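Asks: Attaching a single structure in structure tokens format; questions to follow.
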Amino acid sequence: MAETGAPELKKSISFSVLILLAINAIIGTGIFFVPGIAAAIAGPASLISWIAVAVIAMLIAACFAELVGMFPKAGGVYEYTKQAFGEFGGFLVGWTSWLVANVTIAMLAIGCLAYMAAFFPILAAEAGFGFYIKIFIALLIVALINTVSFRGVDLSVKMLVVFSIITIMSLWTLISWGVYYFDFGRIQMLDVFPKVSLVIAMVYILETFFGWETVANLAEETKDAKRVIPKVMMWGTLAVTFLAIGVVSIALGSVGWEELAKSNAPLILVANTIMGTTGGKILTFLIFLNIFGGAAAWIITTPRLIFALARDGLLPKALQKIHPKFQTPYIAILVQAVLSGLIILSGSYELLLELVLPLAIFMYAMVVMSVTILRFTQPDTERTFRVPFGKSLPVILGLTLMFLMGGIDPVTTGTGAMFILLGIPLYLMRTVESKPLIVQKLLDSSAFLQKISYNLFIKPKTHKHILKHFEGFKNRKIINLGASSGELAKDLSKIVGPGGHILATDVSAKSLKQATKLAQKYSLENVEFILEDSEARHNLHQKVHSLHGATSIGLLGYLSEPKKVLKALSLRMAKKGRIYFIDYDRVFKIFRAPEWLQNNKEIQKMFDDAGFRVTVRRDKGFFWDTIHIAGWKYK
């Protein structure tokens with residue numbers, strides 16, 4: 001723990017270890033599957049596409065190197081884009097990165113079994129019993145690696161180092177043996193396919209180099225991260241470039257593009273060709289371990305992103321908890337394991353590859369363009385590495401990536417966009433507590449919808465409890481905080497009668513306008529509407545005084561400073577004045593109320609500190625739990 005009380009991760013990763021982890025993470029599955037896909041799209045000319053993508057990859061790595069040198073944080077891409085585009089932009093990129101990671105984990109878990117089909121043909125099945133066996137084993141792989149991740153970063157790193165060494169050795173073996181079987185004539189027919197196929201092939205080849213964010217996510221666990229990680233980004237990507245182009249050249253030159261295009265596991269063909277059946281099987285098993293190791297790299301590093309988002313309040317706080325013994329973000333690890341497990345149920349490597357491409361391209365485009373934006377907005381921030389022509393080159397690079405996205409099927413791109421947009425409601429749900437202006441804008445834009453939903457779902461189950469609590473309050477003064485459509489204020493006005501007074505407040509001018517029309521419709525002269533200051537709700541209007549009662553529905557969970565609001569309310573209320581607040585928890589069984597509203601004793605303490613004695617009751621419902629807080633002022 002830091003002195004501030006913020007959770008910290010253990011720093012134990014050195015340069016030599018991280019460079020091995022980077023190679024393993026970046027190389028992913030692409031080199032083991034994409035040579036066949038690219039050959040089917042562009043034939044022997046796909047080698048040109050590989051070289052072009054390698055150049056793009058080195059430039060992206062340079063952008064990551066500059067950014068991680070500026071902000072060595074566990075959030076990686078979230079942190080960089082937050083600095084450049086603001087919190088919302090950073091959240092969308094962080095959310096996208098999490099989606100990319102989970103889809104990639106599922107893709108790797110399924111993909112590694114394609115190579116094991118050489119030993120167990122049942123794993124090649126696309127349906128029936130064999131298919132379910134494959135899914136079950138993939139789930140076991142994810143569960144096993146997450147267990148290792150939970151046990152601590154030291155154990156995790158040792159496992160990843162072993163996989164990294166196996167990856168480098170197996171690919172180097174393929175290249176060094178394959179040189180003797182290379183036939184230059186096999187790659188001379190560069191005009192077999194239209195030139196546009198080179199661009200389409202580049203889209204799929206990009207996946208081979210995905211993974212810089214996994215290295216960036218380890219920044220808070222790396223010694224001297226500001227200097228070490230930029231070097232790792234560049235040297236690691238250069239090593240992957242050498243291995244990838246070497247393996248693809250050997251594959252095209254020894255087997256030929258026609259055979260590669262037909263294979264779901266093209267490197268098995270290459271291994272059998274240059275090493276014979278026995279040697280091929282040995283290398284095939286090593287390739288299985290390579291892909292298994294790639295899955296391990298993503299599984300172990302991705303929870304650090306979730307940890308960073310939770311630490312900034314953009315995901316539930318529970319996700320930032322650090323295990324006291326193993327010093328790992330164990331709740332984040334559990335959530336990731338469940339999500340990637342669900343994605344595995346799709347069962348198709350090709351489907352997952354198509355889904356991950358638009359998500360990753362969007363994410364990387366945002367990251368690289370952050371370099372240019374920060375050159376203008378934060379010119380004095382220390383940079384341990386600088387991208388050449390940083391004020392223009394990253395923009396060109398970002399636009400190039402967006403151009404390549406045009407080679408993806410529009411339906412697939414649309415599906416990816418839909419998944420990105422799903423993060424917006426989550427962002428709004430997590431920020432309303434601390435960002436009152438967002439609350440105000442949301443309430444303004446949804447005033448009509450609130451009115452309908454209030455009458456359908458809220459009023460029938462809440463008004464009767466509040467009205468009963470304030471029975472006998474004739475000629476009294478009650479404040480209805482967060483009055484919304486004015487329905488509760490209307491009913492309360494009947495209880496206090498013509499001699500009483502209802503103050504109905506809200507931060508939304510549109511909601512109050514609707515509430516005013518409702519009051520005019522029923523000629524409610526004892527109701528007065530007041531527009532609140534969304535950024536200082538504890539600064540009650542001067543007309544709020546001499547209160548005998550206070551009530552609200554669904555307000556407490558949105559207050560950024562509930563203690564101040566309750567204290568201010570207490571100061572304006574007569575002794576023995578009554579209060580009745582209703583709020584919600586476990587909405588749709590997913591979204592939780594703020595922590596203090598999750599515990600009855602915490603609620604009682606919060607109100608007691610403000611001078612109120614309350615009882616708390618929770619009614620469990622199908623869609624949400626309703627919290628009833630009733631009491632009186634005793635101080």
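Going through the structure tokens in order, the chains are called A, B, and so on, while each chain numbers its residues from 1 and the ligands are numbered from 1 in the order shown.
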Which residues, written as a ChimeraX atom specification, have at least one atom at most 7 Å from Ser485 of chain A, with only C-alpha atoms counted and residues fewer than 3 positions away on the same chain left out?

Replies: /A:451,511-512,514-515

Asks: Store the residues picked out above in a file with N, CA and C atoms, as a CSV table (one decimal), in the first residue's frame.

Replies:
chain,number,residue,atom,x,y,z
A,451,LYS,N,-40.6,10.8,-17.0
A,451,LYS,CA,-42.0,10.9,-16.6
A,451,LYS,C,-42.8,9.6,-16.9
A,511,SER,N,-37.1,19.0,-16.5
A,511,SER,CA,-38.0,18.3,-15.6
A,511,SER,C,-38.8,19.2,-14.8
A,512,LEU,N,-38.3,20.3,-14.3
A,512,LEU,CA,-39.0,21.3,-13.5
A,512,LEU,C,-40.1,21.9,-14.4
A,514,GLN,N,-41.7,20.5,-16.8
A,514,GLN,CA,-42.8,19.5,-16.9
A,514,GLN,C,-43.6,19.5,-15.6
A,515,ALA,N,-42.9,19.6,-14.4
A,515,ALA,CA,-43.5,19.5,-13.1
A,515,ALA,C,-44.4,20.8,-12.9

Asks: Show which residues sit within 10 Å of Thr147 of chain A, as a list in words. Count only C-alpha atoms, and ignore same-chain residues fewer than 6 positions away.

Replies: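 My reading of the contact set: Ile141, Ser156, Ile300, Tyr330, Ile333, Leu334 and Ala337 of chain A.
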
Asks: Quick one: everything within 7 Å of Ala124 of chain A, counting only C-alpha atoms, minus sequence neighbours fewer than 3 positions away in the same chain. Send it as a compact mmCIF listing (two decimals) with C-alpha atoms, in the first residue's frame.

Replies:
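Below you can see out-v4.txt, which holds the result:
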# COMPACT_ATOMS: atom_id res chain seq x y z
CA ALA A 114 -5.98 -26.30 -33.86
CA ALA A 117 -5.45 -31.56 -33.76
CA PRO A 121 -7.95 -35.26 -34.72

Asks: Rounded to one decimal place, report the atom CA of Lys82 of chain A-atom CA of Leu314 of chain A distance in Å.

Replies: 11.9 Å

Asks: Running DSSP on the backbone, which parts of segment 443-625 of chain A land in strand (DSSP E), as a PyMOL selection string?

Replies: chain A and resi 477-481+501-506+527-531+547-553+573-585+612-620+625

Asks: What would the file look like if the residues just selected were written as an mmCIF file, in the first residue's frame with C-alpha atoms?

Replies:
data_model
loop_
_atom_site.group_PDB
_atom_site.id
_atom_site.type_symbol
_atom_site.label_atom_id
_atom_site.label_comp_id
_atom_site.auth_asym_id
_atom_site.auth_seq_id
_atom_site.Cartn_x
_atom_site.Cartn_y
_atom_site.Cartn_z
ATOM 1 C CA LYS A 477 -43.540 22.430 5.009
ATOM 2 C CA ILE A 478 -41.920 19.532 3.118
ATOM 3 C CA ILE A 479 -39.070 19.552 0.624
ATOM 4 C CA ASN A 480 -39.118 17.065 -2.255
ATOM 5 C CA LEU A 481 -35.474 16.812 -3.402
ATOM 6 C CA HIS A 501 -46.005 24.373 1.492
ATOM 7 C CA ILE A 502 -44.161 21.941 -0.799
ATOM 8 C CA LEU A 503 -40.712 22.861 -2.111
ATOM 9 C CA ALA A 504 -39.887 20.752 -5.177
ATOM 10 C CA THR A 505 -36.234 20.953 -6.283
ATOM 11 C CA ASP A 506 -34.288 19.447 -9.176
ATOM 12 C CA VAL A 527 -46.139 23.866 -4.574
ATOM 13 C CA GLU A 528 -43.056 25.912 -5.402
ATOM 14 C CA PHE A 529 -40.332 24.725 -7.799
ATOM 15 C CA ILE A 530 -36.632 25.520 -7.320
ATOM 16 C CA LEU A 531 -33.752 24.808 -9.711
ATOM 17 C CA LEU A 547 -38.693 22.468 7.154
ATOM 18 C CA HIS A 548 -40.888 19.859 8.813
ATOM 19 C CA GLY A 549 -40.086 17.052 6.401
ATOM 20 C CA ALA A 550 -37.884 15.939 3.515
ATOM 21 C CA THR A 551 -38.115 13.177 0.950
ATOM 22 C CA SER A 552 -36.610 11.982 -2.319
ATOM 23 C CA ILE A 553 -36.695 8.987 -4.647
ATOM 24 C CA MET A 573 -35.171 21.364 9.538
ATOM 25 C CA ALA A 574 -37.093 21.629 12.783
ATOM 26 C CA LYS A 575 -36.382 19.108 15.551
ATOM 27 C CA LYS A 576 -38.404 15.894 15.132
ATOM 28 C CA GLY A 577 -38.880 16.718 11.472
ATOM 29 C CA ARG A 578 -39.519 13.568 9.437
ATOM 30 C CA ILE A 579 -37.566 12.202 6.500
ATOM 31 C CA TYR A 580 -38.200 9.384 4.020
ATOM 32 C CA PHE A 581 -35.667 8.567 1.311
ATOM 33 C CA ILE A 582 -35.956 5.800 -1.257
ATOM 34 C CA ASP A 583 -33.045 4.580 -3.353
ATOM 35 C CA TYR A 584 -31.951 1.535 -5.355
ATOM 36 C CA ASP A 585 -29.234 -1.111 -5.394
ATOM 37 C CA PHE A 612 -31.151 11.981 11.888
ATOM 38 C CA ARG A 613 -32.250 8.718 13.503
ATOM 39 C CA VAL A 614 -33.318 6.290 10.760
ATOM 40 C CA THR A 615 -34.373 2.712 10.140
ATOM 41 C CA VAL A 616 -33.397 0.966 6.908
ATOM 42 C CA ARG A 617 -35.366 -1.666 5.037
ATOM 43 C CA ARG A 618 -34.515 -3.406 1.752
ATOM 44 C CA ASP A 619 -37.178 -4.822 -0.533
ATOM 45 C CA LYS A 620 -35.721 -7.280 -3.031
ATOM 46 C CA ASP A 625 -33.586 -3.848 -4.711
#

Asks: When you look at segment 274-285 of chain A with a cut-off of 12 Å (counting only C-alpha atoms), what residues show up, excluding the ones that are within fewer than 4 positions of it in the same chain? I need them as an mmCIF file with C-alpha atoms, in the first residue's frame.

Replies:
data_model
loop_
_atom_site.group_PDB
_atom_site.id
_atom_site.type_symbol
_atom_site.label_atom_id
_atom_site.label_comp_id
_atom_site.auth_asym_id
_atom_site.auth_seq_id
_atom_site.Cartn_x
_atom_site.Cartn_y
_atom_site.Cartn_z
ATOM 1 C CA PHE A 32 0.741 -19.352 -36.754
ATOM 2 C CA CYS A 112 -3.687 -23.411 -29.881
ATOM 3 C CA LEU A 113 -5.959 -26.466 -30.054
ATOM 4 C CA ALA A 114 -5.979 -26.296 -33.857
ATOM 5 C CA TYR A 115 -2.311 -27.346 -33.744
ATOM 6 C CA MET A 116 -3.017 -30.094 -31.205
ATOM 7 C CA ALA A 117 -5.449 -31.564 -33.762
ATOM 8 C CA ALA A 118 -2.340 -33.035 -35.407
ATOM 9 C CA PHE A 119 -2.145 -35.385 -32.402
ATOM 10 C CA PHE A 120 -5.847 -35.544 -31.516
ATOM 11 C CA ILE A 166 10.056 -21.721 -26.424
ATOM 12 C CA THR A 167 8.477 -19.282 -28.913
ATOM 13 C CA MET A 169 13.530 -21.187 -30.235
ATOM 14 C CA SER A 170 10.756 -22.872 -32.226
ATOM 15 C CA LEU A 171 10.412 -20.029 -34.747
ATOM 16 C CA TRP A 172 14.182 -19.723 -35.096
ATOM 17 C CA THR A 173 14.405 -23.477 -35.684
ATOM 18 C CA LEU A 174 11.791 -23.200 -38.430
ATOM 19 C CA ILE A 175 13.714 -20.380 -40.112
ATOM 20 C CA SER A 176 17.189 -21.923 -39.817
ATOM 21 C CA TRP A 177 16.087 -25.338 -41.099
ATOM 22 C CA GLY A 178 13.777 -23.858 -43.715
ATOM 23 C CA VAL A 179 16.561 -21.950 -45.465
ATOM 24 C CA TYR A 180 17.727 -25.216 -47.035
ATOM 25 C CA TYR A 181 14.266 -25.869 -48.520
ATOM 26 C CA PHE A 182 13.626 -22.349 -49.756
ATOM 27 C CA ILE A 250 10.242 -19.802 -45.431
ATOM 28 C CA ALA A 251 6.582 -20.873 -45.547
ATOM 29 C CA GLY A 253 9.337 -20.543 -50.336
ATOM 30 C CA SER A 254 9.206 -24.111 -49.048
ATOM 31 C CA VAL A 255 5.518 -25.091 -49.287
ATOM 32 C CA ALA A 265 -2.654 -24.592 -39.350
ATOM 33 C CA PRO A 266 -0.132 -23.663 -42.082
ATOM 34 C CA LEU A 267 3.046 -24.048 -40.039
ATOM 35 C CA ILE A 268 2.318 -27.761 -39.601
ATOM 36 C CA LEU A 269 2.748 -28.095 -43.376
ATOM 37 C CA VAL A 270 6.008 -26.168 -43.218
ATOM 38 C CA LEU A 289 3.070 -24.090 -26.437
ATOM 39 C CA ASN A 290 3.868 -20.828 -28.273
ATOM 40 C CA ILE A 291 0.192 -20.010 -28.691
ATOM 41 C CA PHE A 292 -0.583 -21.205 -25.158
#
